[in-house]
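For reference, work-v8.json is printed below; it contains JSON, C-alpha atoms and all ligand atoms.
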```json
[["chain", "number", "residue", "atom", "x", "y", "z"],
["A", 1, "MET", "CA", 0.00, 0.00, 0.00],
["A", 2, "SER", "CA", 1.37, 3.46, -0.80],
["A", 3, "ASP", "CA", 1.88, 5.87, 2.11],
["A", 4, "TRP", "CA", -1.01, 8.03, 0.90],
["A", 5, "ILE", "CA", -3.36, 5.05, 0.69],
["A", 6, "SER", "CA", -2.56, 4.07, 4.27],
["A", 7, "PHE", "CA", -2.97, 7.71, 5.34],
["A", 8, "TYR", "CA", -6.47, 7.69, 3.84],
["A", 9, "ASP", "CA", -7.17, 4.27, 5.32],
["A", 10, "PHE", "CA", -6.55, 5.38, 8.89],
["A", 11, "LYS", "CA", -6.55, 9.17, 8.92],
["A", 12, "HIS", "CA", -9.50, 10.26, 6.81],
["A", 13, "SER", "CA", -10.97, 11.72, 9.99],
["A", 14, "VAL", "CA", -8.11, 14.24, 9.88],
["A", 15, "ILE", "CA", -9.02, 15.46, 6.40],
["A", 16, "TYR", "CA", -12.70, 15.99, 7.16],
["A", 17, "VAL", "CA", -12.98, 18.48, 10.00],
["A", 18, "ASN", "CA", -16.23, 16.95, 11.26],
["A", 19, "ALA", "CA", -19.09, 14.76, 10.04],
["A", 20, "ARG", "CA", -20.88, 17.80, 8.59],
["A", 21, "HIS", "CA", -17.83, 18.74, 6.51],
["A", 22, "ARG", "CA", -17.49, 15.16, 5.27],
["A", 23, "ASP", "CA", -21.15, 14.91, 4.31],
["A", 24, "VAL", "CA", -21.38, 18.36, 2.63],
["A", 25, "HIS", "CA", -18.11, 17.56, 0.79],
["A", 26, "TYR", "CA", -19.37, 14.24, -0.59],
["A", 27, "ARG", "CA", -22.83, 15.61, -1.38],
["A", 28, "THR", "CA", -21.30, 18.52, -3.35],
["A", 29, "ILE", "CA", -19.11, 16.11, -5.32],
["A", 30, "ALA", "CA", -21.95, 13.65, -5.94],
["A", 31, "GLU", "CA", -24.22, 16.45, -7.23],
["A", 32, "ASP", "CA", -21.47, 17.63, -9.59],
["A", 33, "ILE", "CA", -20.73, 14.10, -10.84],
["A", 34, "ARG", "CA", -24.44, 13.39, -11.29],
["A", 35, "ALA", "CA", -24.63, 16.32, -13.74],
["A", 36, "TYR", "CA", -22.20, 14.41, -16.01],
["A", 37, "VAL", "CA", -24.14, 11.10, -15.99],
["A", 38, "PRO", "CA", -25.33, 10.87, -19.60],
["A", 39, "SER", "CA", -28.46, 8.72, -19.08],
["A", 40, "THR", "CA", -30.25, 6.43, -16.66],
["A", 41, "SER", "CA", -28.75, 3.47, -18.55],
["A", 42, "ALA", "CA", -25.17, 4.65, -17.90],
["A", 43, "LYS", "CA", -22.52, 2.54, -16.20],
["A", 44, "VAL", "CA", -20.40, 4.79, -14.02],
["A", 45, "LEU", "CA", -17.03, 4.22, -12.33],
["A", 46, "ASP", "CA", -15.80, 6.41, -9.45],
["A", 47, "TYR", "CA", -12.10, 5.56, -9.00],
["A", 48, "GLY", "CA", -10.59, 6.51, -5.63],
["A", 49, "CYS", "CA", -14.03, 7.41, -4.32],
["A", 50, "GLY", "CA", -13.08, 7.79, -0.64],
["A", 51, "GLU", "CA", -16.01, 7.54, 1.78],
["A", 52, "ALA", "CA", -18.54, 8.54, -0.91],
["A", 53, "THR", "CA", -21.34, 9.13, 1.58],
["A", 54, "SER", "CA", -23.70, 10.47, -1.15],
["A", 55, "ALA", "CA", -22.98, 7.84, -3.82],
["A", 56, "GLU", "CA", -26.69, 6.99, -4.11],
["A", 57, "LEU", "CA", -27.25, 10.43, -5.72],
["A", 58, "VAL", "CA", -25.03, 9.32, -8.61],
["A", 59, "ALA", "CA", -26.34, 5.75, -8.69],
["A", 60, "ASP", "CA", -29.97, 6.96, -8.85],
["A", 61, "ALA", "CA", -29.19, 8.92, -12.03],
["A", 62, "ALA", "CA", -27.41, 5.93, -13.64],
["A", 63, "ASP", "CA", -27.91, 2.24, -14.28],
["A", 64, "HIS", "CA", -25.00, 1.19, -12.09],
["A", 65, "LEU", "CA", -22.20, 2.82, -10.08],
["A", 66, "THR", "CA", -18.93, 1.03, -9.37],
["A", 67, "LEU", "CA", -16.98, 2.48, -6.45],
["A", 68, "VAL", "CA", -13.26, 1.71, -6.40],
["A", 69, "GLU", "CA", -11.16, 2.42, -3.35],
["A", 70, "ALA", "CA", -7.60, 1.25, -2.66],
["A", 71, "ALA", "CA", -7.69, 1.75, 1.11],
["A", 72, "PRO", "CA", -9.05, -1.51, 2.66],
["A", 73, "ASN", "CA", -10.77, -0.01, 5.73],
["A", 74, "VAL", "CA", -12.48, 2.67, 3.64],
["A", 75, "ARG", "CA", -13.51, -0.02, 1.13],
["A", 76, "ALA", "CA", -14.96, -2.22, 3.89],
["A", 77, "ALA", "CA", -17.03, 0.72, 5.19],
["A", 78, "LEU", "CA", -18.30, 1.40, 1.64],
["A", 79, "SER", "CA", -19.27, -2.26, 1.16],
["A", 80, "GLN", "CA", -21.21, -2.15, 4.42],
["A", 81, "ARG", "CA", -22.87, 1.20, 3.68],
["A", 82, "TYR", "CA", -24.10, 0.15, 0.22],
["A", 83, "ALA", "CA", -24.69, -3.58, 0.79],
["A", 84, "ALA", "CA", -28.44, -3.17, 0.33],
["A", 85, "ASN", "CA", -28.19, -1.01, -2.81],
["A", 86, "PRO", "CA", -28.14, -3.20, -5.96],
["A", 87, "LYS", "CA", -27.14, -0.19, -8.09],
["A", 88, "ILE", "CA", -23.82, 0.22, -6.27],
["A", 89, "SER", "CA", -20.90, -2.20, -6.17],
["A", 90, "VAL", "CA", -17.54, -1.78, -4.46],
["A", 91, "ARG", "CA", -14.32, -3.07, -6.04],
["A", 92, "THR", "CA", -10.60, -3.20, -5.44],
["A", 93, "PRO", "CA", -8.23, -1.55, -7.94],
["A", 94, "ASP", "CA", -7.02, -5.03, -9.01],
["A", 95, "ALA", "CA", -10.56, -6.26, -9.67],
["A", 96, "THR", "CA", -11.17, -3.10, -11.70],
["A", 97, "ALA", "CA", -8.07, -3.71, -13.81],
["A", 98, "ALA", "CA", -9.52, -7.14, -14.68],
["A", 99, "LEU", "CA", -12.79, -5.72, -16.11],
["A", 100, "PRO", "CA", -13.47, -6.07, -19.84],
["A", 101, "ASP", "CA", -12.81, -3.26, -22.34],
["A", 102, "ALA", "CA", -15.53, -0.60, -22.79],
["A", 103, "SER", "CA", -17.26, -1.34, -19.47],
["A", 104, "PHE", "CA", -18.21, 2.26, -18.59],
["A", 105, "ASP", "CA", -19.98, 5.28, -20.07],
["A", 106, "LEU", "CA", -18.50, 7.60, -17.46],
["A", 107, "ILE", "CA", -15.30, 7.25, -15.44],
["A", 108, "VAL", "CA", -14.49, 9.79, -12.72],
["A", 109, "MET", "CA", -11.29, 10.11, -10.74],
["A", 110, "HIS", "CA", -11.62, 13.07, -8.41],
["A", 111, "SER", "CA", -8.95, 14.41, -6.06],
["A", 112, "VAL", "CA", -6.65, 11.41, -6.53],
["A", 113, "ALA", "CA", -4.13, 12.51, -9.21],
["A", 114, "GLN", "CA", -2.13, 14.53, -6.66],
["A", 115, "TYR", "CA", -1.37, 11.34, -4.71],
["A", 116, "LEU", "CA", -0.07, 9.44, -7.73],
["A", 117, "SER", "CA", 3.40, 9.44, -9.24],
["A", 118, "ALA", "CA", 3.57, 10.45, -12.91],
["A", 119, "ALA", "CA", 3.99, 6.76, -13.82],
["A", 120, "GLU", "CA", 0.97, 5.67, -11.72],
["A", 121, "LEU", "CA", -1.19, 8.35, -13.29],
["A", 122, "ALA", "CA", -0.08, 7.29, -16.77],
["A", 123, "ARG", "CA", -0.92, 3.66, -15.96],
["A", 124, "LEU", "CA", -4.39, 4.57, -14.68],
["A", 125, "LEU", "CA", -5.14, 6.80, -17.68],
["A", 126, "THR", "CA", -4.22, 3.92, -19.99],
["A", 127, "MET", "CA", -6.57, 1.66, -18.02],
["A", 128, "PHE", "CA", -9.39, 4.25, -18.21],
["A", 129, "ARG", "CA", -8.81, 4.56, -21.97],
["A", 130, "ARG", "CA", -9.43, 0.81, -22.22],
["A", 131, "LEU", "CA", -12.39, 0.70, -19.81],
["A", 132, "VAL", "CA", -14.36, 3.63, -21.23],
["A", 133, "LYS", "CA", -16.81, 3.05, -24.09],
["A", 134, "PRO", "CA", -15.86, 4.66, -27.43],
["A", 135, "ASP", "CA", -18.41, 7.46, -26.93],
["A", 136, "GLY", "CA", -17.85, 7.68, -23.17],
["A", 137, "LEU", "CA", -16.30, 10.35, -20.96],
["A", 138, "VAL", "CA", -13.38, 10.25, -18.51],
["A", 139, "ILE", "CA", -13.25, 13.02, -15.89],
["A", 140, "ILE", "CA", -10.08, 13.80, -13.95],
["A", 141, "GLY", "CA", -11.10, 16.23, -11.23],
["A", 142, "ASP", "CA", -9.53, 18.37, -8.52],
["A", 143, "VAL", "CA", -6.15, 18.51, -10.25],
["A", 144, "VAL", "CA", -3.89, 20.72, -8.15],
["A", 145, "PRO", "CA", -1.91, 23.39, -9.99],
["A", 146, "PRO", "CA", 1.60, 24.25, -8.77],
["A", 147, "HIS", "CA", 2.25, 27.38, -6.66],
["A", 148, "LEU", "CA", 0.58, 28.12, -3.32],
["A", 149, "ALA", "CA", -1.47, 24.90, -3.38],
["A", 150, "ALA", "CA", -1.56, 24.56, 0.44],
["A", 151, "PRO", "CA", -2.59, 28.14, 1.37],
["A", 152, "ARG", "CA", -5.20, 28.12, -1.42],
["A", 153, "ALA", "CA", -6.61, 24.80, -0.17],
["A", 154, "ALA", "CA", -6.76, 26.24, 3.38],
["A", 155, "ILE", "CA", -8.62, 29.37, 2.22],
["A", 156, "ALA", "CA", -11.02, 27.26, 0.13],
["A", 157, "LEU", "CA", -11.74, 25.06, 3.16],
["A", 158, "LEU", "CA", -12.43, 28.09, 5.39],
["A", 159, "ARG", "CA", -14.80, 29.54, 2.76],
["A", 160, "PHE", "CA", -16.52, 26.17, 2.36],
["A", 161, "GLY", "CA", -16.88, 26.00, 6.16],
["A", 162, "ALA", "CA", -18.26, 29.56, 6.37],
["A", 163, "ALA", "CA", -20.84, 28.79, 3.66],
["A", 164, "ASN", "CA", -21.94, 25.54, 5.27],
["A", 165, "GLY", "CA", -21.94, 26.25, 9.01],
["A", 166, "PHE", "CA", -18.62, 24.70, 10.05],
["A", 167, "PHE", "CA", -16.19, 27.65, 9.91],
["A", 168, "TRP", "CA", -14.74, 27.19, 13.42],
["A", 169, "ALA", "CA", -14.52, 23.45, 12.96],
["A", 170, "ALA", "CA", -12.60, 24.18, 9.73],
["A", 171, "VAL", "CA", -10.16, 26.37, 11.68],
["A", 172, "GLY", "CA", -9.67, 23.54, 14.20],
["A", 173, "GLY", "CA", -9.43, 21.03, 11.36],
["A", 174, "LEU", "CA", -6.63, 22.99, 9.71],
["A", 175, "LEU", "CA", -4.69, 22.94, 12.99],
["A", 176, "ARG", "CA", -5.23, 19.18, 13.22],
["A", 177, "ILE", "CA", -3.97, 18.70, 9.66],
["A", 178, "PHE", "CA", -0.83, 20.71, 10.57],
["A", 179, "ALA", "CA", -0.31, 18.48, 13.60],
["A", 180, "SER", "CA", -0.90, 15.24, 11.63],
["A", 181, "ASP", "CA", 1.59, 13.39, 9.43],
["A", 182, "TYR", "CA", 0.04, 14.97, 6.30],
["A", 183, "LEU", "CA", 2.86, 17.51, 6.08],
["A", 184, "ARG", "CA", 5.55, 14.89, 6.72],
["A", 185, "LEU", "CA", 4.03, 12.69, 4.00],
["A", 186, "LYS", "CA", 3.86, 15.67, 1.68],
["A", 187, "LYS", "CA", 7.66, 15.88, 2.02],
["A", 188, "THR", "CA", 8.43, 12.16, 1.85],
["A", 189, "ALA", "CA", 5.75, 10.72, -0.46],
["A", 190, "GLY", "CA", 5.22, 14.00, -2.33],
["A", 191, "LEU", "CA", 2.18, 15.50, -4.01],
["A", 192, "SER", "CA", 1.86, 15.78, -7.78],
["A", 193, "HIS", "CA", 0.89, 19.15, -9.21],
["A", 194, "TYR", "CA", 0.04, 19.88, -12.84],
["A", 195, "THR", "CA", -0.42, 22.99, -14.90],
["A", 196, "GLU", "CA", -3.39, 22.92, -17.29],
["A", 197, "ALA", "CA", -1.01, 22.35, -20.22],
["A", 198, "ALA", "CA", 0.82, 19.50, -18.44],
["A", 199, "MET", "CA", -2.40, 17.61, -17.63],
["A", 200, "LEU", "CA", -3.73, 18.11, -21.19],
["A", 201, "GLU", "CA", -0.44, 16.66, -22.46],
["A", 202, "LYS", "CA", -0.70, 13.66, -20.09],
["A", 203, "LEU", "CA", -4.23, 12.95, -21.32],
["A", 204, "LYS", "CA", -3.15, 13.30, -24.94],
["A", 205, "SER", "CA", -0.27, 10.85, -24.37],
["A", 206, "ALA", "CA", -2.79, 8.33, -23.01],
["A", 207, "GLY", "CA", -4.81, 8.62, -26.24],
["A", 208, "PHE", "CA", -7.52, 11.10, -25.20],
["A", 209, "LYS", "CA", -8.88, 14.28, -26.70],
["A", 210, "ALA", "CA", -9.19, 16.48, -23.63],
["A", 211, "GLU", "CA", -10.28, 19.90, -22.49],
["A", 212, "ARG", "CA", -10.46, 21.71, -19.19],
["A", 213, "ALA", "CA", -14.01, 21.96, -17.80],
["A", 214, "PRO", "CA", -15.31, 25.47, -17.05],
["A", 215, "ARG", "CA", -15.71, 24.54, -13.35],
["A", 216, "ASN", "CA", -13.88, 22.18, -11.04],
["A", 217, "ILE", "CA", -15.97, 19.47, -9.39],
["A", 218, "GLY", "CA", -16.34, 20.28, -5.68],
["A", 219, "HIS", "CA", -15.69, 23.44, -3.71],
["A", 220, "ASN", "CA", -12.15, 24.48, -4.65],
["A", 221, "GLN", "CA", -12.29, 26.46, -7.89],
["A", 222, "ARG", "CA", -8.50, 27.01, -7.89],
["A", 223, "ARG", "CA", -8.22, 23.36, -8.84],
["A", 224, "MET", "CA", -9.07, 21.96, -12.27],
["A", 225, "THR", "CA", -11.32, 19.33, -13.82],
["A", 226, "PHE", "CA", -10.51, 17.79, -17.20],
["A", 227, "LEU", "CA", -12.91, 16.10, -19.60],
["A", 228, "ALA", "CA", -11.34, 13.41, -21.77],
["A", 229, "ARG", "CA", -12.88, 11.54, -24.70],
["A", 230, "THR", "CA", -11.49, 8.93, -27.01],
["A", 231, "ARG", "CA", -12.86, 10.63, -30.13],
["A", 301, "LIG", "C1", -8.70, 13.15, -1.21],
["A", 301, "LIG", "S1", -9.25, 11.47, -1.30],
["A", 301, "LIG", "C2", -10.45, 11.63, -2.59],
["A", 301, "LIG", "C3", -11.72, 10.87, -2.31],
["A", 301, "LIG", "C4", -12.90, 11.27, -3.20],
["A", 301, "LIG", "N1", -12.66, 10.93, -4.59],
["A", 301, "LIG", "C5", -13.16, 12.75, -3.04],
["A", 301, "LIG", "O1", -13.05, 13.48, -4.02],
["A", 301, "LIG", "O2", -13.48, 13.17, -1.94],
["A", 301, "LIG", "C6", -7.89, 10.67, -2.08],
["A", 301, "LIG", "C7", -8.13, 9.21, -2.41],
["A", 301, "LIG", "O3", -7.02, 8.76, -3.22],
["A", 301, "LIG", "C8", -6.78, 7.41, -2.89],
["A", 301, "LIG", "N2", -5.40, 7.10, -3.29],
["A", 301, "LIG", "C9", -4.27, 7.63, -2.80],
["A", 301, "LIG", "N3", -3.20, 7.09, -3.38],
["A", 301, "LIG", "C10", -3.65, 6.20, -4.30],
["A", 301, "LIG", "C11", -3.04, 5.30, -5.21],
["A", 301, "LIG", "N4", -1.70, 5.23, -5.33],
["A", 301, "LIG", "N5", -3.84, 4.52, -5.99],
["A", 301, "LIG", "C12", -5.19, 4.59, -5.88],
["A", 301, "LIG", "N6", -5.83, 5.42, -5.02],
["A", 301, "LIG", "C13", -5.07, 6.21, -4.24],
["A", 301, "LIG", "C14", -7.01, 7.36, -1.38],
["A", 301, "LIG", "O4", -7.26, 6.04, -0.95],
["A", 301, "LIG", "C15", -8.19, 8.30, -1.20],
["A", 301, "LIG", "O5", -9.41, 7.63, -1.20]]
```
Would you mind writing the structure in this file as C-alpha cells?
Amino acid sequence: MSDWISFYDFKHSVIYVNARHRDVHYRTIAEDIRAYVPSTSAKVLDYGCGEATSAELVADAADHLTLVEAAPNVRAALSQRYAANPKISVRTPDATAALPDASFDLIVMHSVAQYLSAAELARLLTMFRRLVKPDGLVIIGDVVPPHLAAPRAAIALLRFGAANGFFWAAVGGLLRIFASDYLRLKKTAGLSHYTEAAMLEKLKSAGFKAERAPRNIGHNQRRMTFLARTR
C-alpha cells in the first residue's frame, strides 16, 4: 500500500474536520458528478471514491455505479454502507483492472491525481482509456496546480466551512492537519501538481482528446477538472 493510501485508510478523519464537513463535501461532489451522468442506462465508475457518503445520488441517475477504493478499511465501510443497494458495487483496484474493455460510459477520478506518481497516473489513464466506451467520458477532477497549493486549499476550506456552518470546525481542522503526518508525508511521499497544459499533455499521451471543464468538481475552484474523450 502506498503511504497516501494508508494515510487515507486510517486518517481520513483528519481530512474531514467533522461529520458535517465530510457529508457536505461528498454531497457537493456527488451532485457535480451526477450532472455528467449521460443517461439512466449509464454505467459509471468512481475511481478513488473515498467515503462517498452520497454515492446513491449518482447511482440513482445511472444504471450502475462502481466504487473503487484502494484503502481496505475505507472499502470495507463502503461495502457495508451500500450492501443493500443493488445499483452500487464496491471493487478493489485489481478487480477493476480485470474488467473487460468498454465497461463504462462515465469514469471519474476526483482528487486522486495529486497522490499518484507520474507513472501511476499514466498507468491509470491507460486503463481508463481501455475501460471507457468509445463514446464515453473520462473526468479527472480536482487537479492541483503548482504554486501556493496549500494556502489556497486552506482558504477554500475556510470559505466552504463559512458557507456551510462549520467555519470554526474548519479552523480547528486545519490545525489538526498541521499536527498530523500529512505535512511529513507531503515531504516524503510528495504531491503531484500539474499545470493545465501538463495535464492536457498527459491525457493526450494516453490517447484522449481532452479539455479543461469550465468549473472544477467540488468546492475548490482554484483546482481543475478535465474532460477526456477517445474521439
Ligand atoms: C482526497 S481522497 C479523494 C476521495 C474522493 N474521490 C473525493 O473526491 O473526496 C484521495 C483518495 O485517493 C486514494 N489514493 C491515494 N493514493 C492512491 C493510489 N496510489 N492509488 C489509488 N488510489 C489512491 C485514497 O485512498 C483516497 O481515497
Residue contacts of range 82-85 of chain A (10 Å, only C-alpha atoms) excluding same-chain residues fewer than 2 positions away, as an NGL selection string
:A and (53 or 55-56 or 59 or 77-80 or 87-90)
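Proximity ranking of A:Ala76, A:Met127, A:Val112, A:Ala61 relative to Gly48 in chain A places A:Val112 first, based on all atoms listed in the file.
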Expected selection as a ChimeraX atom specification for ligand LIG 301 (chain A) within 9 Å, only C-alpha atoms and all ligand atoms:
/A:1-9,12,15,22,25-26,29,46-52,68-72,74-75,93,108-117,120-121,124,141-142,217-218
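Minimum atom-to-atom distance to Arg152 in chain A, evaluated using all atoms listed in the file, belongs to A:His219 out of A:Lys187, A:His219, A:Arg176, A:Asp105.
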Counting only C-alpha atoms, give me one row per residue of range 14-93 of chain A with an atom at most 12 Å from an atom of range 224-230 of chain A, showing the shortest contact pair and its distance in Å to one decimal, sorted by chain then residue number, as a tab-separated table.
```
residue	atom	partner	partner_atom	distance
A:Ile29	CA	A:Thr225	CA	12.0
A:Asp32	CA	A:Thr225	CA	11.1
A:Ile33	CA	A:Thr225	CA	11.2
A:Tyr36	CA	A:Leu227	CA	10.1
```
Emit the selected residues as a PDB file, in the coordinates of the input, including C-alpha atoms.
```pdb
ATOM      1  CA  ILE A  29     -19.110  16.110  -5.320  1.00  0.00           C
ATOM      2  CA  ASP A  32     -21.470  17.630  -9.590  1.00  0.00           C
ATOM      3  CA  ILE A  33     -20.730  14.100 -10.840  1.00  0.00           C
ATOM      4  CA  TYR A  36     -22.200  14.410 -16.010  1.00  0.00           C
TER       5      TYR A  36
END
```
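Nearest residue to Ala210 in chain A among A:Ala169, A:Gly190, A:Ala149, A:Val138 is A:Val138, counting only C-alpha atoms.
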A:Thr66, A:Asn18, A:Thr92, A:Asn73: which is nearest Phe104 in chain A, counting all atoms listed in the file?
A:Thr66
Residues near Phe166 in chain A, anyone? I mean within 12 Å using all atoms listed in the file, not counting same-chain ones fewer than 5 positions away, as a VMD selection string.
chain A and resid 16 to 25 157 to 161 171 to 173
